[in-house]
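Here is entry27.cif, consisting of mmCIF, C-alpha atoms and all ligand atoms:
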data_upload
#
loop_
_atom_site.group_PDB
_atom_site.id
_atom_site.type_symbol
_atom_site.label_atom_id
_atom_site.label_comp_id
_atom_site.auth_asym_id
_atom_site.auth_seq_id
_atom_site.Cartn_x
_atom_site.Cartn_y
_atom_site.Cartn_z
ATOM 1 C CA MET I 1 61.713 52.240 195.597
ATOM 2 C CA ILE I 2 65.429 52.254 196.455
ATOM 3 C CA THR I 3 66.824 55.133 198.515
ATOM 4 C CA TYR I 4 70.357 56.469 198.922
ATOM 5 C CA ALA I 5 70.248 55.147 202.479
ATOM 6 C CA ASP I 6 69.595 51.626 201.117
ATOM 7 C CA LEU I 7 72.583 51.972 198.804
ATOM 8 C CA ALA I 8 74.782 53.262 201.636
ATOM 9 C CA GLU I 9 73.742 50.254 203.734
ATOM 10 C CA SER I 10 74.762 47.853 200.940
ATOM 11 C CA VAL I 11 78.182 49.538 200.775
ATOM 12 C CA ILE I 12 78.519 49.145 204.542
ATOM 13 C CA LEU I 13 77.617 45.444 204.200
ATOM 14 C CA GLY I 14 80.162 45.116 201.372
ATOM 15 C CA ASP I 15 77.543 43.454 199.141
ATOM 16 C CA GLU I 16 78.915 44.217 195.693
ATOM 17 C CA ASP I 17 76.110 42.494 193.749
ATOM 18 C CA LEU I 18 73.457 44.418 195.644
ATOM 19 C CA VAL I 19 75.337 47.706 195.180
ATOM 20 C CA ILE I 20 75.502 47.109 191.412
ATOM 21 C CA GLU I 21 71.799 46.225 191.275
ATOM 22 C CA GLN I 22 70.781 49.274 193.333
ATOM 23 C CA VAL I 23 72.988 51.709 191.419
ATOM 24 C CA ASN I 24 71.523 50.423 188.138
ATOM 25 C CA SER I 25 67.984 50.921 189.511
ATOM 26 C CA LEU I 26 68.795 54.431 190.746
ATOM 27 C CA VAL I 27 70.277 55.326 187.365
ATOM 28 C CA ALA I 28 67.272 53.842 185.527
ATOM 29 C CA ALA I 29 64.936 55.880 187.760
ATOM 30 C CA GLY I 30 66.721 59.045 186.630
ATOM 31 C CA ASN I 31 68.587 59.940 189.814
ATOM 32 C CA ASN I 32 71.442 62.434 189.632
ATOM 33 C CA PRO I 33 74.752 60.532 189.219
ATOM 34 C CA LEU I 34 76.618 62.854 191.597
ATOM 35 C CA GLU I 35 73.976 62.311 194.273
ATOM 36 C CA ILE I 36 74.244 58.559 193.800
ATOM 37 C CA ILE I 37 77.971 58.833 194.487
ATOM 38 C CA ASN I 38 77.901 61.386 197.286
ATOM 39 C CA ASP I 39 74.766 60.412 199.190
ATOM 40 C CA GLY I 40 74.775 56.672 198.509
ATOM 41 C CA LEU I 41 78.252 55.314 197.811
ATOM 42 C CA ILE I 42 80.467 57.785 199.702
ATOM 43 C CA GLY I 43 77.789 58.090 202.383
ATOM 44 C CA GLY I 44 78.174 54.375 203.069
ATOM 45 C CA MET I 45 81.967 54.510 202.937
ATOM 46 C CA ASN I 46 82.015 57.355 205.460
ATOM 47 C CA VAL I 47 80.190 55.145 207.947
ATOM 48 C CA VAL I 48 82.681 52.350 207.229
ATOM 49 C CA GLY I 49 85.558 54.731 208.016
ATOM 50 C CA VAL I 50 84.034 55.685 211.352
ATOM 51 C CA ARG I 51 83.298 52.053 212.291
ATOM 52 C CA PHE I 52 86.806 50.945 211.312
ATOM 53 C CA LYS I 53 88.343 53.606 213.531
ATOM 54 C CA ALA I 54 86.119 52.564 216.410
ATOM 55 C CA GLY I 55 87.245 48.937 216.001
ATOM 56 C CA ASP I 56 83.740 47.801 214.951
ATOM 57 C CA MET I 57 84.875 46.791 211.453
ATOM 58 C CA PHE I 58 88.061 45.091 210.327
ATOM 59 C CA VAL I 59 90.315 45.328 207.281
ATOM 60 C CA PRO I 60 88.708 42.531 205.179
ATOM 61 C CA GLU I 61 85.266 44.078 205.679
ATOM 62 C CA VAL I 62 86.595 47.548 204.861
ATOM 63 C CA LEU I 63 88.039 46.141 201.641
ATOM 64 C CA MET I 64 84.723 44.520 200.678
ATOM 65 C CA SER I 65 82.979 47.836 201.253
ATOM 66 C CA ALA I 66 85.619 49.693 199.250
ATOM 67 C CA ARG I 67 85.312 47.205 196.399
ATOM 68 C CA SER I 68 81.509 47.483 196.404
ATOM 69 C CA MET I 69 81.719 51.247 196.390
ATOM 70 C CA ALA I 70 84.209 51.210 193.511
ATOM 71 C CA ALA I 71 81.921 48.890 191.501
ATOM 72 C CA GLY I 72 79.095 51.399 191.971
ATOM 73 C CA VAL I 73 81.297 54.339 191.022
ATOM 74 C CA GLU I 74 82.343 52.544 187.805
ATOM 75 C CA ILE I 75 78.691 52.370 186.692
ATOM 76 C CA VAL I 76 77.965 56.034 187.388
ATOM 77 C CA LYS I 77 81.266 57.585 186.279
ATOM 78 C CA PRO I 78 80.547 57.609 182.525
ATOM 79 C CA LEU I 79 77.314 59.510 183.214
ATOM 80 C CA ILE I 80 79.081 62.431 184.835
ATOM 81 C CA SER I 81 80.461 65.133 182.596
ATOM 82 C CA SER I 82 83.923 66.322 183.512
ATOM 83 C CA SER I 83 82.625 69.829 184.206
ATOM 84 C CA ASP I 84 80.178 68.460 186.801
ATOM 85 C CA MET I 85 82.975 66.593 188.457
ATOM 86 C CA GLY I 86 85.021 69.761 188.766
ATOM 87 C CA ALA I 87 87.846 67.707 187.237
ATOM 88 C CA SER I 88 91.141 69.312 186.321
ATOM 89 C CA ILE I 89 92.596 68.852 189.803
ATOM 90 C CA LYS I 90 95.405 66.366 189.219
ATOM 91 C CA VAL I 91 96.776 64.350 192.111
ATOM 92 C CA LEU I 92 99.924 62.230 192.149
ATOM 93 C CA LEU I 93 99.588 59.524 194.804
ATOM 94 C CA GLY I 94 101.998 56.970 196.223
ATOM 95 C CA THR I 95 103.254 55.128 199.302
ATOM 96 C CA VAL I 96 106.757 56.179 200.350
ATOM 97 C CA LYS I 97 110.020 54.252 200.021
ATOM 98 C CA GLY I 98 110.364 51.130 202.153
ATOM 99 C CA ASP I 99 106.625 50.952 202.785
ATOM 100 C CA LEU I 100 104.414 48.332 201.144
ATOM 101 C CA HIS I 101 101.086 49.229 202.788
ATOM 102 C CA ASP I 102 98.531 50.253 200.193
ATOM 103 C CA ILE I 103 95.056 49.527 201.514
ATOM 104 C CA GLY I 104 94.589 53.056 202.881
ATOM 105 C CA LYS I 105 96.231 54.630 199.823
ATOM 106 C CA ASN I 106 93.849 52.729 197.555
ATOM 107 C CA LEU I 107 90.881 53.951 199.568
ATOM 108 C CA VAL I 108 92.199 57.492 199.255
ATOM 109 C CA ARG I 109 92.395 57.017 195.471
ATOM 110 C CA ILE I 110 88.840 55.672 195.274
ATOM 111 C CA MET I 111 87.493 58.556 197.338
ATOM 112 C CA MET I 112 89.406 61.138 195.331
ATOM 113 C CA GLU I 113 88.307 59.685 192.000
ATOM 114 C CA SER I 114 84.716 59.435 193.062
ATOM 115 C CA SER I 115 84.713 63.065 194.101
ATOM 116 C CA GLY I 116 85.991 64.056 190.684
ATOM 117 C CA LEU I 117 89.764 64.371 191.039
ATOM 118 C CA GLU I 118 92.109 62.928 188.440
ATOM 119 C CA VAL I 119 94.501 60.597 190.236
ATOM 120 C CA LYS I 120 97.777 59.120 189.036
ATOM 121 C CA ASP I 121 98.600 56.355 191.514
ATOM 122 C CA ILE I 122 102.248 55.316 191.160
ATOM 123 C CA GLY I 123 102.048 52.560 193.770
ATOM 124 C CA ILE I 124 104.129 51.551 196.764
ATOM 125 C CA ASP I 125 107.778 51.821 197.840
ATOM 126 C CA ILE I 126 108.289 55.073 195.937
ATOM 127 C CA ALA I 127 111.681 56.717 196.460
ATOM 128 C CA PRO I 128 112.043 60.521 196.625
ATOM 129 C CA GLU I 129 113.729 60.522 193.194
ATOM 130 C CA ALA I 130 110.806 58.576 191.720
ATOM 131 C CA PHE I 131 108.281 61.047 193.156
ATOM 132 C CA ALA I 132 110.344 63.892 191.689
ATOM 133 C CA ALA I 133 110.483 62.204 188.268
ATOM 134 C CA ALA I 134 106.728 61.580 188.330
ATOM 135 C CA ILE I 135 106.039 65.237 189.149
ATOM 136 C CA LYS I 136 108.046 66.230 186.081
ATOM 137 C CA GLU I 137 106.189 63.690 183.968
ATOM 138 C CA TYR I 138 102.592 64.275 185.149
ATOM 139 C CA ASN I 139 102.711 67.875 186.356
ATOM 140 C CA PRO I 140 100.131 67.346 189.158
ATOM 141 C CA ASP I 141 98.523 70.069 191.301
ATOM 142 C CA ILE I 142 98.922 67.934 194.390
ATOM 143 C CA LEU I 143 101.354 65.304 195.620
ATOM 144 C CA ALA I 144 99.735 62.914 198.128
ATOM 145 C CA MET I 145 102.011 60.601 200.096
ATOM 146 C CA SER I 146 101.002 57.696 202.321
ATOM 147 C CA ALA I 147 103.077 56.008 205.067
ATOM 148 C CA LEU I 148 102.039 53.393 207.610
ATOM 149 C CA LEU I 149 105.308 52.759 209.407
ATOM 150 C CA THR I 150 107.092 54.974 211.895
ATOM 151 C CA THR I 151 110.279 53.866 210.144
ATOM 152 C CA THR I 152 109.127 55.154 206.741
ATOM 153 C CA MET I 153 107.286 58.350 207.634
ATOM 154 C CA ASN I 154 110.580 60.224 207.455
ATOM 155 C CA GLN I 155 110.685 59.421 203.732
ATOM 156 C CA MET I 156 108.013 62.096 203.399
ATOM 157 C CA LYS I 157 110.494 64.688 204.613
ATOM 158 C CA ALA I 158 113.189 63.187 202.381
ATOM 159 C CA THR I 159 110.841 63.534 199.406
ATOM 160 C CA ILE I 160 109.995 67.157 200.224
ATOM 161 C CA ASP I 161 113.733 67.903 200.536
ATOM 162 C CA LYS I 162 114.387 66.197 197.191
ATOM 163 C CA LEU I 163 111.677 68.278 195.515
ATOM 164 C CA ALA I 164 113.154 71.452 196.983
ATOM 165 C CA GLU I 165 116.584 70.446 195.707
ATOM 166 C CA GLU I 166 115.181 69.978 192.196
ATOM 167 C CA GLY I 167 113.220 73.239 192.265
ATOM 168 C CA LEU I 168 109.892 71.366 192.221
ATOM 169 C CA ARG I 169 108.628 72.088 195.741
ATOM 170 C CA ASP I 170 106.577 75.148 194.840
ATOM 171 C CA LYS I 171 105.020 73.531 191.783
ATOM 172 C CA VAL I 172 102.780 71.278 193.903
ATOM 173 C CA LYS I 173 100.779 71.286 197.099
ATOM 174 C CA ILE I 174 101.861 68.372 199.270
ATOM 175 C CA ILE I 175 99.523 66.364 201.484
ATOM 176 C CA VAL I 176 100.400 63.444 203.718
ATOM 177 C CA GLY I 177 98.502 60.726 205.546
ATOM 178 C CA GLY I 178 98.559 57.235 207.032
ATOM 179 C CA ALA I 179 98.057 55.828 210.512
ATOM 180 C CA PRO I 180 101.186 57.296 212.205
ATOM 181 C CA ILE I 181 100.851 60.723 210.544
ATOM 182 C CA SER I 182 99.411 63.734 212.383
ATOM 183 C CA GLN I 183 98.829 67.388 211.627
ATOM 184 C CA GLU I 184 101.830 68.220 213.841
ATOM 185 C CA PHE I 185 104.056 65.874 211.858
ATOM 186 C CA ALA I 186 102.796 67.312 208.564
ATOM 187 C CA ASP I 187 103.578 70.834 209.793
ATOM 188 C CA SER I 188 107.004 69.796 211.037
ATOM 189 C CA ILE I 189 108.109 68.505 207.620
ATOM 190 C CA GLY I 190 106.672 71.463 205.708
ATOM 191 C CA ALA I 191 103.737 69.668 204.053
ATOM 192 C CA ASP I 192 100.740 71.763 203.010
ATOM 193 C CA GLY I 193 98.124 69.501 204.512
ATOM 194 C CA PHE I 194 97.149 66.355 206.393
ATOM 195 C CA ALA I 195 93.910 64.397 206.448
ATOM 196 C CA PRO I 196 93.031 61.552 208.791
ATOM 197 C CA ASP I 197 90.878 59.604 206.339
ATOM 198 C CA ALA I 198 90.111 59.097 202.669
ATOM 199 C CA ALA I 199 86.973 61.224 202.517
ATOM 200 C CA SER I 200 88.640 64.252 204.080
ATOM 201 C CA ALA I 201 91.714 63.732 201.854
ATOM 202 C CA ALA I 202 89.531 64.429 198.811
ATOM 203 C CA ASP I 203 88.036 67.547 200.435
ATOM 204 C CA LEU I 204 91.494 68.754 201.429
ATOM 205 C CA CYS I 205 92.700 68.622 197.801
ATOM 206 C CA LYS I 206 89.788 70.784 196.674
ATOM 207 C CA GLU I 207 90.434 73.284 199.454
ATOM 208 C CA LEU I 208 94.163 73.539 198.727
ATOM 209 C CA VAL I 209 93.724 74.061 195.013
ATOM 210 C CA LYS I 210 91.068 76.747 195.535
ATOM 211 C CA LYS I 211 93.542 78.899 197.439
HETATM 212 C C1 LIG D 1 97.351 45.269 206.548
HETATM 213 C C2 LIG D 1 98.669 45.505 207.238
HETATM 214 C C3 LIG D 1 99.819 44.990 206.658
HETATM 215 C C4 LIG D 1 99.812 44.285 205.310
HETATM 216 C C5 LIG D 1 99.751 45.352 204.194
HETATM 217 C C6 LIG D 1 98.945 44.879 202.997
HETATM 218 C C7 LIG D 1 98.707 46.014 202.051
HETATM 219 N N1 LIG D 1 98.544 45.641 200.791
HETATM 220 O O1 LIG D 1 98.626 47.175 202.410
HETATM 221 C C8 LIG D 1 101.176 43.529 205.357
HETATM 222 C C9 LIG D 1 100.938 42.137 205.921
HETATM 223 C C10 LIG D 1 101.922 43.403 204.023
HETATM 224 C C11 LIG D 1 101.945 44.341 206.380
HETATM 225 C C12 LIG D 1 103.330 44.301 206.505
HETATM 226 C C13 LIG D 1 104.031 44.925 207.505
HETATM 227 N N2 LIG D 1 103.506 45.623 208.549
HETATM 228 CO CO1 LIG D 1 101.636 46.134 208.656
HETATM 229 N N3 LIG D 1 99.840 46.456 209.106
HETATM 230 C C14 LIG D 1 98.724 46.232 208.475
HETATM 231 C C15 LIG D 1 97.540 46.718 209.359
HETATM 232 C C16 LIG D 1 96.946 45.465 210.032
HETATM 233 C C17 LIG D 1 96.411 47.432 208.669
HETATM 234 C C18 LIG D 1 96.813 48.659 207.828
HETATM 235 C C19 LIG D 1 95.633 49.059 206.995
HETATM 236 O O2 LIG D 1 95.516 48.706 205.829
HETATM 237 N N4 LIG D 1 94.673 49.763 207.592
HETATM 238 C C20 LIG D 1 93.395 50.117 206.941
HETATM 239 C C21 LIG D 1 93.515 51.412 206.192
HETATM 240 C C22 LIG D 1 92.139 51.747 205.573
HETATM 241 O O3 LIG D 1 93.862 52.438 207.082
HETATM 242 P P1 LIG D 1 95.106 53.427 206.830
HETATM 243 O O4 LIG D 1 96.142 52.723 206.065
HETATM 244 O O5 LIG D 1 95.446 54.063 208.106
HETATM 245 O O6 LIG D 1 94.536 54.526 205.832
HETATM 246 C C23 LIG D 1 93.566 55.499 206.174
HETATM 247 C C24 LIG D 1 94.161 56.795 206.722
HETATM 248 O O7 LIG D 1 95.375 56.607 207.406
HETATM 249 C C25 LIG D 1 94.244 57.707 205.549
HETATM 250 N N5 LIG D 1 95.413 57.699 204.668
HETATM 251 C C26 LIG D 1 96.206 56.682 204.286
HETATM 252 N N6 LIG D 1 97.108 57.088 203.402
HETATM 253 C C27 LIG D 1 96.898 58.391 203.172
HETATM 254 C C28 LIG D 1 97.525 59.310 202.339
HETATM 255 C C29 LIG D 1 97.087 60.633 202.313
HETATM 256 C C30 LIG D 1 97.785 61.611 201.436
HETATM 257 C C31 LIG D 1 96.023 61.047 203.151
HETATM 258 C C32 LIG D 1 95.608 62.473 203.155
HETATM 259 C C33 LIG D 1 95.361 60.125 203.969
HETATM 260 C C34 LIG D 1 95.798 58.796 203.980
HETATM 261 O O8 LIG D 1 93.120 57.338 204.789
HETATM 262 C C35 LIG D 1 92.936 55.911 204.855
HETATM 263 C C36 LIG D 1 91.475 55.593 204.715
HETATM 264 O O9 LIG D 1 90.650 56.289 205.616
HETATM 265 C C37 LIG D 1 98.266 47.669 210.364
HETATM 266 C C38 LIG D 1 97.617 47.782 211.736
HETATM 267 C C39 LIG D 1 96.638 48.902 211.822
HETATM 268 N N7 LIG D 1 95.624 48.675 212.576
HETATM 269 O O10 LIG D 1 96.815 49.956 211.218
HETATM 270 C C40 LIG D 1 99.666 47.050 210.414
HETATM 271 C C41 LIG D 1 100.880 47.939 210.749
HETATM 272 C C42 LIG D 1 100.790 49.260 210.011
HETATM 273 N N8 LIG D 1 101.999 47.158 210.216
HETATM 274 C C43 LIG D 1 103.049 47.196 210.982
HETATM 275 C C44 LIG D 1 104.279 46.510 210.718
HETATM 276 C C45 LIG D 1 105.338 46.601 211.795
HETATM 277 C C46 LIG D 1 104.474 45.810 209.512
HETATM 278 C C47 LIG D 1 105.741 45.043 209.104
HETATM 279 C C48 LIG D 1 107.063 45.733 209.418
HETATM 280 C C49 LIG D 1 105.633 43.668 209.754
HETATM 281 C C50 LIG D 1 106.833 42.755 209.566
HETATM 282 N N9 LIG D 1 107.566 42.622 210.632
HETATM 283 O O11 LIG D 1 107.018 42.249 208.471
HETATM 284 C C51 LIG D 1 105.543 44.865 207.587
HETATM 285 C C52 LIG D 1 106.189 45.999 206.775
HETATM 286 C C53 LIG D 1 106.109 45.810 205.312
HETATM 287 C C54 LIG D 1 106.537 47.064 204.619
HETATM 288 N N10 LIG D 1 107.813 47.208 204.305
HETATM 289 O O12 LIG D 1 105.711 47.949 204.404
HETATM 290 C C55 LIG D 1 102.829 48.064 212.215
HETATM 291 C C56 LIG D 1 103.527 49.426 212.129
HETATM 292 C C57 LIG D 1 104.156 49.806 213.454
HETATM 293 C C58 LIG D 1 104.825 51.121 213.362
HETATM 294 N N11 LIG D 1 104.535 51.940 214.337
HETATM 295 O O13 LIG D 1 105.562 51.423 212.476
HETATM 296 C C59 LIG D 1 101.266 48.120 212.284
HETATM 297 C C60 LIG D 1 100.693 49.389 212.920
HETATM 298 C C61 LIG D 1 100.820 46.857 213.102
HETATM 299 C C62 LIG D 1 101.304 46.924 214.544
HETATM 300 N N12 LIG D 1 100.462 47.328 215.463
HETATM 301 O O14 LIG D 1 102.404 46.569 214.843
HETATM 302 N N13 LIG D 1 101.097 45.057 207.172
#
What is this structure when it is put down as structure tokens?
Amino acid sequence: MITYADLAESVILGDEDLVIEQVNSLVAAGNNPLEIINDGLIGGMNVVGVRFKAGDMFVPEVLMSARSMAAGVEIVKPLISSSDMGASIKVLLGTVKGDLHDIGKNLVRIMMESSGLEVKDIGIDIAPEAFAAAIKEYNPDILAMSALLTTTMNQMKATIDKLAEEGLRDKVKIIVGGAPISQEFADSIGADGFAPDAASAADLCKELVKK
């Protein structure tokens, strides 16, 4: 009998084949798809986040865990009705201009999608004008920007200024994140929120849209 703890452990180990096998067994045994995601897959990924921060896990291992988790989510996703997922929160996500780091951004996307948000990921090296154009095109509830370099974090402010200039600032809630970003920095550039990791980024979106 497979438990959610077993599944979480397989995510932590980054064993994609085992994750797929266990998710299929849990589904076949009639477990609730949302519980499989929250208690098993995200549960494991939360531990990975903590261990990575503590220096007990490294980027390649984090990526294997993220890939395993995503493989599990793919199996369960079709079983979840959009009303269960509380969908309808749309997030536009990208890494700012001059910045090519996307590992953290991709984790944020996986976490958001697996907690039911609809995410449009427009990639890396996104200029303020491109964020503005994408807001017009996709009409998201939330704009989420990632930056990993101290030299590119100011592009977040440049993007917020650009949105203000185009009259788009109040159409979206803006959240920011990435290793050099802090709550103080987010406040200083007039963002609506900051989250230190992918799991809390998803929660933050739900909180901001509730308001
Ligand atoms: C992998 C990596 C690279 C890879 C990127 C591959 C890729 N596809 O992303 C490569 C080799 C390309 C690279 C290049 C460079 N890198 Co680099 N890189 C890293 C490294 C080792 C890991 C980053 C990472 O992926 N972490 C793992 C993820 C999971 O963590 P994360 O990104 O922080 O994301 C989490 C949170 O921050 C948060 N989050 C992230 N985004 C968002 C967004 C929102 C909205 C929210 C709410 C939350 C959130 O959630 C995530 C998951 O929990 C870091 C060192 C480090 N330890 O951080 C250096 C680092 C970021 N790089 C650095 C540098 C200097 C560079 C280069 C300039 C090197 C060079 N001279 O060429 C180039 C710049 C290229 C460019 N223009 O972007 C420096 C930055 C220094 C600084 N203070 O600015 C670092 C810190 C290394 C160092 N100590 O010097 N790099």
Mind working out the centre and edge lengths of an axis-aligned box for ligand LIG 1 (chain D), all listed atoms inside, 4 Å added to each side, rounded to one decimal in Å and written as JSON?
{"center_x": 99.2, "center_y": 52.3, "center_z": 208.1, "size_x": 25.2, "size_y": 28.3, "size_z": 22.7}
Reference answer for the PyMOL selection byres (((chain I and resi 166-174) around 9) and not hetatm), as a list in words: Ala132, Ile135, Lys136, Asn139, Pro140, Asp141, Ile142, Leu143, Ala144, Met145, Ile160, Asp161, Lys162, Leu163, Ala164, Glu165, Ile175, Val176, Gly190, Ala191, Asp192, Gly193, Phe194, Cys205, Leu208 and Val209 of chain I
Assuming the chain letters and numbering stay as they are in my file, what does the PyMOL selection byres (((chain I and resi 146) around 8) and not hetatm) actually select? List them as a PDB file with C-alpha atoms, in the frame of the given file.
ATOM      1  CA  LEU I  93      99.588  59.524 194.804  1.00  0.00           C
ATOM      2  CA  GLY I  94     101.998  56.970 196.223  1.00  0.00           C
ATOM      3  CA  THR I  95     103.254  55.128 199.302  1.00  0.00           C
ATOM      4  CA  VAL I  96     106.757  56.179 200.350  1.00  0.00           C
ATOM      5  CA  GLY I 104      94.589  53.056 202.881  1.00  0.00           C
ATOM      6  CA  LYS I 105      96.231  54.630 199.823  1.00  0.00           C
ATOM      7  CA  ALA I 144      99.735  62.914 198.128  1.00  0.00           C
ATOM      8  CA  MET I 145     102.011  60.601 200.096  1.00  0.00           C
ATOM      9  CA  ALA I 147     103.077  56.008 205.067  1.00  0.00           C
ATOM     10  CA  LEU I 148     102.039  53.393 207.610  1.00  0.00           C
ATOM     11  CA  VAL I 176     100.400  63.444 203.718  1.00  0.00           C
ATOM     12  CA  GLY I 177      98.502  60.726 205.546  1.00  0.00           C
ATOM     13  CA  GLY I 178      98.559  57.235 207.032  1.00  0.00           C
TER      14      GLY I 178
END
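Separating atom CA of Met45 of chain I from atom CA of Glu184 of chain I is a distance of 26.5 Å.
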Residues near Ile75 of chain I, cut-off 8 Å, only C-alpha atoms, skip fewer than 2 positions along chain, as a PyMOL selection string: chain I and resi 20+23-24+71-73+77-78
Long-range neighbours of Ile110 of chain I as a ChimeraX atom specification, 12 Å cut-off, all atoms listed in the file, 5 positions minimum in chain: /I:37,41-42,45,63,65-74,77,93,103-105,115-121,197-199,201-202
Contacts of Leu13 of chain I at 10 Å (only C-alpha atoms; same-chain gap of 2+ positions) as JSON, numbers by chain: {"I": [7, 8, 9, 10, 11, 15, 16, 18, 19, 44, 48, 61, 62, 64, 65, 68]}
Atomic separation - atom CA of Glu35 of chain I relative to atom C27 of ligand LIG 1 (chain D), Å: 24.9 Å
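The residues returned by the PyMOL selection byres (((chain I and resi 128) around 7) and not hetatm) on the shown structure are Ile126, Ala127, Glu129, Ala130, Phe131, Ala132, Ala158, Thr159 and Lys162 of chain I.
Proximity to ligand LIG 1 (chain D) was assessed for I:Ser200, I:Gln22, I:Thr150, I:Gln183 counting all atoms listed in the file; the smallest distance is recorded for I:Thr150.
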Atom CA of Asp102 of chain I to atom C36 of ligand LIG 1 (chain D), straight-line distance in Å: 9.9 Å
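With all atoms listed in the file as the atoms that count, the residue of I:Ile36, I:Ser25, I:Phe185, I:Thr151 with the shortest distance to Met1 of chain I is I:Ser25.
Counting only C-alpha atoms and comparing I:His101, I:Lys210, I:Lys90, I:Arg51, the residue that lies closest to Ala179 of chain I is I:His101.
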Sphere at (108.7, 50.3, 197.9), radius 7 Å, counting all atoms listed in the file: residues as a ChimeraX atom specification: /I:96-100,124-126
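Of the residues listed (I:Met156, I:Val108, I:Ile89, I:Met57), I:Val108 shows the shortest atom-to-atom separation from ligand LIG 1 (chain D); distances use all atoms listed in the file.
Nearest-residue note for ligand LIG 1 (chain D): choosing from I:Gly123, I:Gly55, I:Gly49, I:Pro60, the minimum distance belongs to I:Gly49, counting all atoms listed in the file.
For the residues I:Ser114, I:Ser88, I:Asp17, I:Leu79, ranking by smallest atom-to-atom distance to Gly30 of chain I using only C-alpha atoms places I:Leu79 first.
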